[in-house]
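S.K.: This structure is in C-alpha cells; I'll ask about it shortly.
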Amino acid sequence: MPTHKWWQEEFFADLRPFFAQLSPKETNQQVRYLIKKLKLKPGMSFLDCPCGFGRVSVPMAKKGIKVVASDLTRVYLDELEATVKRTGLKIETVHSDMRKIDFRNRFDAAGNLWTSFGYFEKERDNLLVLKKVYQALKPGGRFCLHVINRDYIIAHYTATEWQEYGGVLSTERRKFDYATSINRGVWTFHKDGKARTYEVGLRMYSYHELIAMFTQAGFVDIEGFGSTEDAPITRHTLAQWVFGTKPK
C-alpha cells in the first residue's frame with residue numbers, strides 16, 4: 001500500500017541502490033567544489049543535513065573537515081556509523097528530522113545535497129529547514145542547497161520513468177501539479193518478486209523562488225550555479241547549486 005509520509009525510513013531504504021548513479025569520482029568532484037565555494041579548511045566544521053549514508057560526509061572528513069551528519073533514516077546512519085568504525089574517521093551522527101535539528105551558531109558551513117529539499121506538503125515546513133540551517137551556522141557561515149531545477153523538469157517532463165540498479169527495478173508514474181509546483185509520483189520498487197509502492201510528492205523550485213526563500217530565512221550574498229564549473233542556471237541545467245551566507 002502507498003505510504004503517506006514517503007520521506008520516512010522505508011522509501012529511502014528501498015532507494016539505496018540507486019545512489020550508484022553517482023560515481024565516487026563525481027562525488028569527489030562535488031566535495032572539492034563544496035570545499036572551495038564554502039571556503040572550508042581543515043579543522044573547520046560542516047553540517048551535512050540530511051546526510052544519507054555519508055556520500056559527502058565521508059570524503060569531507062577525509063579532507064580534515066569536522067563533520068556532523070544528520071538524517072532521519074536510521075539505516076543510512078547505521079551504514080555511516082559502520083563506515084566510521086571501519087575507517088577511523090571522526091564523524092558525529094545525529095538521528096533527526098531536518099526540521100527539528102537544534103544547533104545554534106556552531107558550524108562554519110552546511111549543506112543540503114542531492115535534492116533533499118522540498119519534501120513537505122506545507123511550504124512553511126520547507127522554509128523551516130532553511131531557518132534551522134541558518135540557526136546552526138556561525139555568523140559568517142556559508143550554506144549550499146543542491147537541488148533539482150523545476151524549470152529543467154518542466155522543459156523535459158516525462159510521465160513515466162524506470163531505472164534498475166543493484167538488482168532493484170524502480171518504476172515511477174508522475175504528474176506535475178502546476179498549482180503547487182509539487183511533482184506527484186507513484187514509485188514502485190521491484191525486488192526478488194516483491195513490490196513496494198510509495199506516493200511521493202516533491203516540491204520543486206525555480207531559482208528565483210529559492211532566492212526569495214533564502215532571503216526570508218535571513219541569508220545574504222545569495223548566488224546560484226548550474227554546475228560545479230559555475231555555469232549559469234537555465235532551463236537546460238538539471239541541478240542548482242545555491243549558496244547563501246549568514247551575516248556576521
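Please note that chains go A, B, ... in the order of the C-alpha cells, that every chain numbers its residues from 1, and that ligands are numbered from 1 in the order shown.
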DSSP on the backbone: which residues in region 66-227 of chain A end up as strand (DSSP E or B)? Give the answer as a PyMOL selection string.

M.R.: chain A and resi 66-71+91-95+107-112+137-149+160-165+168-177+182-191+194-203+205+220-225

S.K.: Quick one: everything within 8 Å of region 161-170 of chain A, counting only C-alpha atoms, minus sequence neighbours fewer than 6 positions away in the same chain. Send it as an MDAnalysis selection string.

M.R.: chainID A and resid 17:18 20 187:191

S.K.: Using only C-alpha atoms, please write the residues we just selected to a file, as an mmCIF file, in the first residue's frame.

M.R.:
data_model
loop_
_atom_site.group_PDB
_atom_site.id
_atom_site.type_symbol
_atom_site.label_atom_id
_atom_site.label_comp_id
_atom_site.auth_asym_id
_atom_site.auth_seq_id
_atom_site.Cartn_x
_atom_site.Cartn_y
_atom_site.Cartn_z
ATOM 1 C CA PRO A 17 20.846 1.011 -4.591
ATOM 2 C CA PHE A 18 20.125 3.977 -6.854
ATOM 3 C CA ALA A 20 25.104 4.058 -7.591
ATOM 4 C CA TRP A 187 7.075 4.867 -7.105
ATOM 5 C CA THR A 188 7.241 1.077 -7.096
ATOM 6 C CA PHE A 189 10.387 -0.853 -6.207
ATOM 7 C CA HIS A 190 10.568 -4.425 -7.535
ATOM 8 C CA LYS A 191 12.994 -6.897 -5.968
#

S.K.: Return as CSV the residues of region 94-122 of chain A lying at most 12 Å from region 30-33 of chain A, together with the closest atom-to-atom pair for each and the distance in Å to one decimal, counting only C-alpha atoms, with rows in chain order and ascending residue number.

M.R.:
residue,atom,partner,partner_atom,distance
A:Gly111,CA,A:Val31,CA,10.6
A:Leu113,CA,A:Gln30,CA,10.0
A:Trp114,CA,A:Gln30,CA,10.5

S.K.: Using only C-alpha atoms, please write the residues we just selected to a file, as a PDB file, in the first residue's frame.

M.R.:
ATOM      1  CA  GLY A 111      24.946  21.519   3.022  1.00  0.00           C
ATOM      2  CA  LEU A 113      22.543  17.992  -1.117  1.00  0.00           C
ATOM      3  CA  TRP A 114      21.206  15.847  -3.940  1.00  0.00           C
TER       4      TRP A 114
END

S.K.: Using only C-alpha atoms, find the one residue out of A:Gly201, A:Gly244, A:Gly224, A:Pro24 that sits nearest to Lys5 (chain A).

M.R.: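 Once distances to Lys5 (chain A) are computed over only C-alpha atoms, the minimum belongs to A:Gly201.
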
S.K.: For Tyr134 (chain A), which residue among A:Val200, A:Met213, A:Ala239, A:Ile65 is the nearest when counting only C-alpha atoms?

M.R.: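 Using only C-alpha atoms, Tyr134 (chain A) sits closest to A:Met213.
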
S.K.: Please, which residues in region 104-126 of chain A fall within 12 Å of region 93-97 of chain A when counting only C-alpha atoms, and what is the closest atom pair and distance in Å to one decimal for each, ordered by chain then residue number, as a Markdown table?

M.R.:
| residue | atom | partner | partner_atom | distance |
| --- | --- | --- | --- | --- |
| A:Ser116 | CA | A:Asp97 | CA | 11.8 |
| A:Tyr119 | CA | A:Asp97 | CA | 11.3 |
| A:Phe120 | CA | A:Asp97 | CA | 11.5 |
| A:Asp125 | CA | A:Asp97 | CA | 11.1 |
| A:Asn126 | CA | A:Asp97 | CA | 11.8 |

S.K.: Excluding Leu38 (chain A) and residues on its chain fewer than 3 positions from it, collect all residues at most 8 Å away from it, counting only C-alpha atoms, and give them as number ranges by chain.

M.R.: A: 34-35, 109, 142-144

S.K.: Since we have the selection now, will you write its residues out, keeping C-alpha atoms, as a PDB file, in the first residue's frame?

M.R.:
ATOM      1  CA  LEU A  34      31.792  22.485  -1.916  1.00  0.00           C
ATOM      2  CA  ILE A  35      35.032  22.987  -0.021  1.00  0.00           C
ATOM      3  CA  ALA A 109      29.309  25.714   6.744  1.00  0.00           C
ATOM      4  CA  ARG A 142      28.041  29.520   4.379  1.00  0.00           C
ATOM      5  CA  PHE A 143      25.266  27.183   3.206  1.00  0.00           C
ATOM      6  CA  CYS A 144      24.801  25.205  -0.005  1.00  0.00           C
TER       7      CYS A 144
END

S.K.: If we count only C-alpha atoms, what is near Asp48 (chain A) at a cut-off of 9 Å, once residues fewer than 5 positions away on the same chain are taken out, given as a CSV table (one decimal) with C-alpha atoms, in the first residue's frame?

M.R.:
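File result.csv, as written:
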chain,number,residue,atom,x,y,z
A,54,GLY,CA,27.6,9.6,4.2
A,56,VAL,CA,29.5,13.6,1.2
A,57,SER,CA,30.3,13.3,4.9
A,67,VAL,CA,31.6,16.8,10.1
A,68,VAL,CA,28.3,16.4,11.9
A,69,ALA,CA,26.0,14.2,9.8
A,70,SER,CA,22.2,14.3,10.5
A,71,ASP,CA,19.5,12.2,8.9
A,109,ALA,CA,29.3,25.7,6.7
A,110,ALA,CA,26.4,23.4,6.0
A,111,GLY,CA,24.9,21.5,3.0
A,112,ASN,CA,21.6,20.1,1.9
A,113,LEU,CA,22.5,18.0,-1.1

S.K.: Need to verify the contact set: Ser181 (chain A), 8 Å, only C-alpha atoms, exclusion of same-chain residues closer than 4 positions in sequence. Can you return it as a compact mmCIF listing (two decimals) with N, CA and C atoms, in the first residue's frame?

M.R.:
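Done, and the output landed in around.txt:
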# COMPACT_ATOMS: atom_id res chain seq x y z
N ARG A 150 13.38 23.08 -11.15
CA ARG A 150 12.00 22.97 -11.63
C ARG A 150 11.90 23.29 -13.12
N PHE A 176 2.63 16.47 -12.74
CA PHE A 176 3.06 17.72 -12.13
C PHE A 176 1.86 18.58 -11.79
N ASP A 177 1.81 19.04 -10.54
CA ASP A 177 0.74 19.91 -10.07
C ASP A 177 1.20 21.36 -10.24
N ARG A 203 8.14 19.03 -3.80
CA ARG A 203 8.03 20.43 -4.22
C ARG A 203 9.30 20.80 -4.96
N MET A 204 9.13 21.30 -6.18
CA MET A 204 10.28 21.70 -6.99
C MET A 204 10.32 23.22 -7.10
N TYR A 205 11.54 23.76 -7.21
CA TYR A 205 11.73 25.20 -7.15
C TYR A 205 12.51 25.73 -8.34

S.K.: Where in region 41-155 of chain A does DSSP assign helix (DSSP H, G or I), given as number ranges by chain?

M.R.: A: 57-62, 74-87, 123-136, 150-155

S.K.: Find the spatial neighbours of region 104-108 of chain A, counting only C-alpha atoms, within a cut-off of 8 Å - ignore same-chain residues fewer than 3 positions away - and output them as a PyMOL selection string.

M.R.: chain A and resi 40+44-47+135-142

S.K.: Using only C-alpha atoms, which residue out of A:Lys39, A:Lys131, A:Lys248, A:His208 lies closest to Thr234 (chain A)?

M.R.: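 Using only C-alpha atoms, Thr234 (chain A) sits closest to A:His208.
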
S.K.: Would you kindly return, as a list of chain:residue names, each protein, DNA or RNA residue with an atom no farther than 8 Å from any atom of Pro59 (chain A), considering only C-alpha atoms and excluding same-chain residues fewer than 4 positions away?

M.R.: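 So, after excluding close chain neighbours, the residues are A:Asn28, A:Val31, A:Arg55, A:Lys63.
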
S.K.: Which residue gives the smallest distance to Ile222 (chain A) among A:Ala195, A:Leu145, A:Leu22, A:Ile154, with only C-alpha atoms counted?

M.R.: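 The closest residue to Ile222 (chain A) is A:Leu145.
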
S.K.: Closest to Leu238 (chain A) among A:Leu80, A:Leu202, A:Ile153, A:Val220, using only C-alpha atoms?

M.R.: A:Ile153

S.K.: Between CA of Arg174 (chain A) and CA of Trp6 (chain A), what distance in Å does the model show, to one decimal?

M.R.: 14.6 Å
